[in-house]
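Here is entry.cif, consisting of mmCIF, C-alpha atoms:
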```cif
data_protein
loop_
_atom_site.label_atom_id
_atom_site.label_comp_id
_atom_site.auth_asym_id
_atom_site.auth_seq_id
_atom_site.Cartn_x
_atom_site.Cartn_y
_atom_site.Cartn_z
CA MET O 1 -6.75 -24.33 -11.11
CA THR O 2 -10.28 -23.43 -12.33
CA GLU O 3 -11.23 -23.35 -15.99
CA LEU O 4 -11.33 -19.56 -15.87
CA THR O 5 -7.84 -19.33 -14.41
CA GLU O 6 -6.62 -21.72 -17.12
CA LYS O 7 -8.04 -19.38 -19.77
CA GLU O 8 -6.30 -16.47 -18.09
CA VAL O 9 -2.97 -18.34 -18.21
CA LEU O 10 -3.60 -19.16 -21.88
CA LEU O 11 -4.12 -15.47 -22.67
CA GLU O 12 -1.18 -14.26 -20.60
CA ASN O 13 1.12 -16.83 -22.24
CA SER O 14 0.01 -15.43 -25.60
CA GLY O 15 1.05 -11.91 -24.65
CA TYR O 16 -2.31 -10.61 -23.39
CA ARG O 17 -2.51 -8.28 -20.40
CA TYR O 18 -5.48 -7.61 -18.15
CA HIS O 19 -6.78 -4.04 -18.16
CA PHE O 20 -8.04 -3.51 -14.59
CA ASP O 21 -10.23 -0.53 -15.44
CA ARG O 22 -11.87 -2.01 -18.53
CA MET O 23 -11.80 -5.61 -17.30
CA ILE O 24 -10.55 -6.87 -20.66
CA TYR O 25 -7.57 -8.88 -21.85
CA PHE O 26 -5.70 -7.08 -24.63
CA ASN O 27 -2.64 -7.50 -26.81
CA ARG O 28 -1.29 -4.36 -28.50
CA ALA O 29 0.89 -6.27 -30.98
CA ALA O 30 -2.03 -8.45 -32.10
CA ARG O 31 -4.50 -5.52 -31.77
CA ARG O 32 -7.05 -7.88 -30.27
CA ALA O 33 -9.06 -7.71 -27.01
CA PHE O 34 -11.42 -10.01 -25.13
CA SER O 35 -13.91 -8.87 -22.51
CA LEU O 36 -13.95 -10.76 -19.22
CA GLU O 37 -17.55 -11.82 -19.96
CA PHE O 38 -16.52 -13.23 -23.35
CA VAL O 39 -13.67 -15.21 -21.75
CA GLU O 40 -16.08 -16.56 -19.12
CA ASP O 41 -18.63 -17.67 -21.70
CA HIS O 42 -16.35 -19.30 -24.29
CA SER O 43 -14.24 -22.44 -24.11
CA SER O 44 -10.44 -22.48 -23.93
CA GLN O 45 -10.38 -23.99 -27.42
CA GLU O 46 -12.52 -21.20 -28.89
CA ILE O 47 -10.31 -18.57 -27.27
CA GLN O 48 -7.15 -20.36 -28.43
CA ASN O 49 -8.49 -20.40 -32.02
CA LEU O 50 -9.14 -16.65 -31.89
CA VAL O 51 -5.72 -15.96 -30.36
CA ASN O 52 -4.13 -17.94 -33.23
CA GLU O 53 -5.78 -15.78 -35.88
CA LEU O 54 -3.64 -13.20 -37.66
CA PRO O 55 -3.93 -9.54 -36.55
CA ALA O 56 -6.37 -7.36 -38.48
CA ALA O 57 -4.88 -5.36 -41.33
CA ASN O 58 -6.35 -2.17 -39.87
CA GLY O 59 -7.52 -1.37 -36.37
CA TRP O 60 -8.46 -3.57 -33.46
CA ILE O 61 -10.61 -6.69 -33.17
CA PHE O 62 -12.85 -6.79 -30.07
CA HIS O 63 -14.50 -9.93 -28.76
CA PHE O 64 -17.54 -8.98 -26.67
CA ASN O 65 -20.71 -10.94 -25.93
CA ALA O 66 -22.95 -7.93 -26.59
CA SER O 67 -22.83 -5.86 -29.75
CA THR O 68 -20.81 -2.68 -29.31
CA SER O 69 -21.11 0.51 -31.30
CA ASP O 70 -18.38 1.68 -33.68
CA ARG O 71 -17.92 4.81 -31.60
CA VAL O 72 -17.20 2.85 -28.43
CA LYS O 73 -14.83 0.53 -30.33
CA ARG O 74 -12.99 3.52 -31.78
CA GLU O 75 -12.61 5.18 -28.38
CA LEU O 76 -11.55 1.93 -26.77
CA ALA O 77 -8.93 1.35 -29.49
CA GLU O 78 -7.50 4.79 -28.75
CA THR O 79 -7.32 4.02 -25.04
CA LEU O 80 -5.64 0.65 -25.55
CA SER O 81 -3.13 2.02 -28.05
CA GLU O 82 -1.85 4.70 -25.64
CA MET W 83 -21.97 24.81 -26.64
CA THR W 84 -20.32 21.76 -25.12
CA GLN W 85 -22.48 18.66 -25.40
CA ARG W 86 -23.57 17.01 -22.15
CA THR W 87 -22.07 13.61 -21.59
CA VAL W 88 -23.87 10.53 -20.23
CA ASP W 89 -22.03 11.16 -16.94
CA ASP W 90 -23.46 14.71 -16.80
CA ARG W 91 -27.01 13.45 -17.35
CA LEU W 92 -26.62 10.75 -14.71
CA ARG W 93 -25.25 13.23 -12.18
CA GLU W 94 -28.34 15.36 -12.69
CA GLU W 95 -30.57 12.31 -12.31
CA TYR W 96 -28.79 11.37 -9.08
CA PHE W 97 -29.52 14.72 -7.49
CA LEU W 98 -33.16 14.48 -8.50
CA LEU W 99 -33.34 11.00 -6.93
CA SER W 100 -31.34 11.93 -3.84
CA PRO W 101 -34.31 12.85 -1.56
CA ASP W 102 -36.04 9.58 -2.49
CA ILE W 103 -32.88 7.59 -1.74
CA LYS W 104 -32.72 9.12 1.75
CA ARG W 105 -36.40 8.44 2.43
CA VAL W 106 -36.16 4.82 1.25
CA LEU W 107 -33.11 4.22 3.40
CA HIS W 108 -34.79 5.70 6.45
CA GLN W 109 -37.90 3.56 5.95
CA LEU W 110 -35.90 0.41 5.32
CA GLN W 111 -33.62 0.85 8.33
CA THR W 112 -36.53 1.57 10.65
CA ASP W 113 -38.73 -1.28 9.38
CA VAL W 114 -35.97 -3.91 9.46
CA GLY W 115 -34.67 -2.74 12.84
CA TYR W 116 -38.20 -2.95 14.29
CA SER W 117 -38.83 -6.39 12.76
CA LEU W 118 -35.63 -7.69 14.36
CA LEU W 119 -36.14 -5.95 17.70
CA GLN W 120 -37.27 -8.99 19.69
CA LEU W 121 -34.58 -11.22 18.23
CA THR W 122 -31.95 -8.55 18.98
CA LEU W 123 -33.13 -8.25 22.59
CA ASP W 124 -32.90 -12.04 22.96
CA LEU W 125 -29.26 -12.28 21.81
CA LYS W 126 -26.77 -14.05 24.06
CA HIS W 127 -23.56 -12.23 24.92
CA HIS W 128 -21.55 -13.73 22.04
CA GLU W 129 -24.26 -13.27 19.41
CA ARG W 130 -24.46 -10.29 17.08
CA ILE W 131 -26.94 -8.60 14.76
CA GLN W 132 -25.57 -5.47 13.15
CA ILE W 133 -27.57 -3.39 10.68
CA GLU W 134 -25.66 -1.16 8.28
CA ALA W 135 -27.37 1.27 5.92
CA ARG W 136 -25.80 3.07 3.00
CA ALA W 137 -26.93 5.30 0.19
CA LYS W 138 -24.92 4.66 -2.95
CA GLU W 139 -22.84 7.73 -3.69
CA CYS W 140 -23.23 9.54 -7.00
CA ASP W 141 -19.90 8.51 -8.58
CA SER W 142 -20.27 4.99 -7.28
CA ALA W 143 -23.74 4.70 -8.86
CA ILE W 144 -22.49 5.99 -12.22
CA ASP W 145 -19.51 3.62 -12.10
CA ALA W 146 -21.79 0.69 -11.27
CA LEU W 147 -23.86 1.47 -14.37
CA ARG W 148 -20.69 1.85 -16.47
CA ARG W 149 -19.37 -1.52 -15.24
CA ARG W 150 -22.47 -3.19 -16.67
CA GLU W 151 -21.21 -2.29 -20.14
CA GLU W 152 -18.68 -4.79 -21.48
CA PRO W 153 -16.18 -2.09 -22.55
CA ARG W 154 -16.84 -0.29 -19.17
CA GLN W 155 -17.73 2.79 -21.17
CA PHE W 156 -21.02 4.52 -21.98
CA ASP W 157 -22.11 4.81 -25.57
CA GLU W 158 -22.56 8.57 -25.93
CA ASP W 159 -24.70 8.00 -29.03
CA ALA W 160 -27.26 6.10 -26.93
CA ALA W 161 -27.45 8.30 -23.83
CA GLU W 162 -31.18 7.63 -23.35
CA ARG W 163 -30.40 3.96 -22.59
CA TYR W 164 -28.91 4.81 -19.22
CA THR W 165 -30.77 5.53 -15.99
CA LEU W 166 -29.75 5.14 -12.37
CA THR W 167 -33.21 3.79 -11.58
CA SER W 168 -32.11 0.51 -13.22
CA LEU W 169 -29.66 -0.06 -10.36
CA PRO W 170 -31.01 -2.45 -7.72
CA ASP W 171 -29.16 -0.91 -4.79
CA LEU W 172 -29.30 2.89 -4.71
CA ALA W 173 -30.36 2.40 -1.10
CA ALA W 174 -29.05 -0.69 0.65
CA LEU W 175 -29.18 -2.37 4.01
CA ARG W 176 -26.75 -5.05 5.13
CA VAL W 177 -27.61 -7.17 8.14
CA LEU W 178 -24.53 -8.90 9.56
CA VAL W 179 -25.30 -11.85 11.81
CA PHE W 180 -23.33 -14.23 14.01
CA PRO W 181 -23.60 -17.18 14.50
CA LYS W 182 -25.33 -19.24 11.83
CA PRO W 183 -28.53 -20.27 13.68
CA ARG W 184 -29.25 -16.57 14.28
CA LEU W 185 -28.52 -15.91 10.60
CA LYS W 186 -31.28 -18.30 9.59
CA ALA W 187 -33.71 -16.71 12.06
CA VAL W 188 -32.92 -13.19 10.82
CA HIS W 189 -33.33 -14.25 7.22
CA ALA W 190 -36.70 -15.88 7.95
CA ILE W 191 -38.03 -12.65 9.53
CA VAL W 192 -36.68 -10.28 6.89
CA ARG W 193 -37.67 -12.46 3.95
CA CYS W 194 -41.19 -12.82 5.33
CA LYS W 195 -41.54 -9.02 5.55
CA TYR W 196 -40.22 -8.52 2.00
CA ALA W 197 -41.68 -11.67 0.46
CA ASP W 198 -42.47 -10.02 -2.88
CA TRP W 199 -38.94 -8.70 -3.44
CA THR W 200 -36.73 -10.38 -6.05
CA ALA W 201 -34.22 -12.83 -4.61
CA ASP W 202 -30.70 -12.54 -5.94
CA PRO W 203 -28.49 -14.61 -3.62
CA VAL W 204 -24.74 -14.03 -3.63
CA ASN W 205 -23.04 -17.14 -5.02
CA THR W 206 -19.38 -17.40 -5.90
CA GLY W 207 -16.86 -19.97 -7.10
CA THR W 208 -16.92 -23.01 -9.35
CA PRO W 209 -18.97 -24.98 -8.46
CA SER W 210 -21.08 -22.10 -7.26
CA LYS W 211 -21.50 -21.78 -3.48
CA TRP W 212 -23.99 -19.71 -1.51
CA ARG W 213 -22.40 -16.81 0.42
CA ALA W 214 -25.26 -14.50 1.42
CA TRP W 215 -28.95 -13.73 0.94
CA LYS W 216 -29.79 -10.70 -1.12
CA TYR W 217 -33.07 -9.33 -2.47
CA HIS W 218 -34.22 -6.10 -4.03
CA GLY W 219 -37.49 -4.28 -4.51
CA TYR W 220 -39.37 -1.06 -3.82
CA CYS W 221 -40.42 0.48 -0.50
CA SER W 222 -43.78 2.22 -0.22
CA THR W 223 -42.03 5.59 0.01
CA SER W 224 -40.68 5.58 -3.57
CA SER W 225 -41.57 3.89 -6.82
CA ARG W 226 -38.35 5.10 -8.47
CA VAL W 227 -35.58 4.01 -6.14
CA ARG W 228 -34.98 0.30 -5.85
CA ALA W 229 -33.52 -0.88 -2.56
CA GLU W 230 -31.50 -3.92 -1.62
CA ILE W 231 -31.32 -5.97 1.57
CA GLN W 232 -28.47 -8.33 2.29
CA VAL W 233 -28.42 -10.84 5.13
CA VAL W 234 -24.82 -11.92 5.52
CA PRO W 235 -22.73 -14.14 7.83
CA MET W 236 -20.84 -11.61 9.95
CA LEU W 237 -17.31 -12.80 9.16
CA THR W 238 -18.01 -12.70 5.43
CA GLY W 239 -19.59 -9.23 5.72
CA LEU W 240 -16.61 -7.84 7.60
CA PHE W 241 -14.27 -9.30 4.97
CA TRP W 242 -16.36 -7.59 2.28
CA GLN W 243 -15.69 -4.24 3.93
CA VAL W 244 -11.93 -4.78 3.62
CA GLU W 245 -12.29 -6.22 0.12
CA HIS W 246 -14.46 -3.26 -0.90
CA ASP W 247 -11.76 -0.73 0.01
CA ALA W 248 -8.89 -2.82 -1.29
CA PHE W 249 -10.34 -3.99 -4.59
CA TYR W 250 -13.62 -2.31 -5.52
CA LYS W 251 -12.72 1.26 -4.59
CA PRO W 252 -8.93 1.32 -4.30
CA ARG W 253 -7.09 4.62 -4.38
CA ASP W 254 -4.52 2.94 -6.60
CA PRO W 255 -6.25 2.69 -10.00
CA ILE W 256 -4.25 -0.39 -10.95
CA LEU W 257 -6.24 -2.43 -8.43
CA ARG W 258 -9.60 -1.33 -9.84
CA GLY W 259 -11.22 -4.36 -11.42
CA ALA W 260 -8.75 -6.72 -9.75
CA VAL W 261 -11.53 -8.33 -7.79
CA ASN W 262 -12.93 -9.80 -11.00
CA LYS W 263 -9.65 -11.32 -12.11
CA PRO W 264 -9.95 -15.13 -12.01
CA ASN W 265 -6.90 -15.70 -9.78
CA VAL W 266 -8.08 -13.05 -7.26
CA ARG W 267 -11.60 -14.51 -7.26
CA GLU W 268 -10.18 -17.96 -6.56
CA CYS W 269 -8.24 -16.69 -3.52
CA ALA W 270 -11.26 -14.75 -2.21
CA ASP W 271 -13.35 -17.93 -2.46
CA ALA W 272 -10.77 -19.74 -0.33
CA VAL W 273 -11.22 -17.00 2.31
CA TYR W 274 -15.04 -17.43 2.28
CA ASP W 275 -14.61 -21.20 2.66
CA ALA W 276 -12.25 -20.68 5.61
CA PHE W 277 -14.74 -18.34 7.32
CA GLU W 278 -17.52 -20.86 6.81
CA ALA W 279 -15.37 -23.62 8.31
CA LEU W 280 -14.48 -21.37 11.26
CA GLU W 281 -18.15 -20.55 11.89
CA GLY W 282 -18.94 -24.27 11.74
CA VAL W 283 -16.28 -25.09 14.34
CA LEU W 284 -17.39 -22.24 16.63
CA GLU W 285 -20.99 -23.43 16.38
CA GLN W 286 -19.93 -26.97 17.31
CA GLU W 287 -17.96 -25.70 20.31
CA LEU W 288 -20.88 -23.56 21.50
CA ARG W 289 -23.25 -26.52 21.22
CA ARG W 290 -20.83 -28.79 23.10
CA ASN W 291 -20.43 -26.16 25.81
CA ALA W 292 -24.21 -25.74 26.14
CA GLU W 293 -24.63 -29.51 26.53
CA ARG W 294 -21.98 -29.63 29.27
CA ASP W 295 -23.33 -26.59 31.08
CA PRO W 296 -27.04 -26.22 30.22
CA GLY W 297 -27.56 -23.46 32.80
#
```

Do you think you could lay out the structure here as structure tokens?
Amino acid sequence: MTELTEKEVLLENSGYRYHFDRMIYFNRAARRAFSLEFVEDHSSQEIQNLVNELPAANGWIFHFNASTSDRVKRELAETLSE
Amino acid sequence: MTQRTVDDRLREEYFLLSPDIKRVLHQLQTDVGYSLLQLTLDLKHHERIQIEARAKECDSAIDALRRREEPRQFDEDAAERYTLTSLPDLAALRVLVFPKPRLKAVHAIVRCKYADWTADPVNTGTPSKWRAWKYHGYCSTSSRVRAEIQVVPMLTGLFWQVEHDAFYKPRDPILRGAVNKPNVRECADAVYDAFEALEGVLEQELRRNAERDPG
């Protein structure tokens, strides 16, 4: 199993699903999402630490490598909440 | 009045670029075909050189630009950031070659003709393995449309055609993006490795046969 597949297993065991269209791992209950690029570029331990954090009081938390505008985050949150 | 979306702007740009895309493709196909003419005429009966040309379709070009964004979504507040001219493959040529010694010869000829183009070889897997040669640049016919040339082992190239329909452009939306999932990538890499091993064995057999029967 490659390191990337291990990270995928880690996320799926923590209730994250892969969104084929957006290429992100997301968890509605935790209101948290990781882009595929972010997962590729961060260690299993870093991802585990983020997965262990408590959900945000309001809205979603997105983990992307590049900065993303509030508008895009808002629209993405709507899509993932549907 | 309804505001134009990034998609709307890009569609307009595509139709403005469309004549250039066709011209670039025509030039590229003719130049590469002519450069490989002698080699093609010298092929033995089991050897193949196949040149495929394609102009990226409008929706496909817009999707490719969208996929560069991490959320796979355009930022409508920054519409000016996006242009199809940033894509490296609006016009593209794929040269499929069998077997490997011919592949090297084709690559040497094509690379020599397009020596100033940017190399961007296709590597996959961990550790990363070479799968195909790829380079992009501009033809003399257009300074706006970038073109791409791929020189690919034939078995891998034919697999890409199946993979393209099954994963990149599936009718079932659930499969869209599947090709980038780690477990799918791992299986695809195993297929590439198997093709490479098969080509290696075939090459060995051909060499052995030629030694036994030099005529």

Target residues per the PyMOL selection byres ((chain O and resi 65) around 7), formatted as a PyMOL selection string
chain O and resi 37-38+63-64+66-67

With C-alpha atoms retained, export the selected residues as a PDB file, in the frame of the given file.
```pdb
ATOM      1  CA  GLU O  37     -17.550 -11.820 -19.960  1.00  0.00           C
ATOM      2  CA  PHE O  38     -16.520 -13.230 -23.350  1.00  0.00           C
ATOM      3  CA  HIS O  63     -14.500  -9.930 -28.760  1.00  0.00           C
ATOM      4  CA  PHE O  64     -17.540  -8.980 -26.670  1.00  0.00           C
ATOM      5  CA  ALA O  66     -22.950  -7.930 -26.590  1.00  0.00           C
ATOM      6  CA  SER O  67     -22.830  -5.860 -29.750  1.00  0.00           C
TER       7      SER O  67
END
```

Residues of chain O were defined as contacting chain W if any atom lay at most 8 Å from it, counting all atoms listed in the file; please report them as number ranges by chain.
O: 2, 4-5, 8, 20-24, 35-37, 64-66, 69, 71-72, 76

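Excluding W:Gln286 itself and any same-chain residue fewer than 5 positions from it, the protein and nucleic acid residues within 12 Å of it, counting all atoms listed in the file, are W:Pro181, W:Lys182, W:Pro183, W:Ala279, W:Leu280, W:Glu281, W:Asn291, W:Ala292, W:Glu293.
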
Closest of O:Pro55, O:Asn13, O:Glu46, O:Glu78 to O:Ala29 - atom-to-atom distances counting only C-alpha atoms
O:Pro55

Could you tell me, as a PyMOL selection string, exactly which residues end up selected when the PyMOL selection byres ((chain W and resi 104-115) around 8) is applied to this structure?
chain W and resi 100-103+116-119+133+135-137+173-175+192+221+223-224+227+229
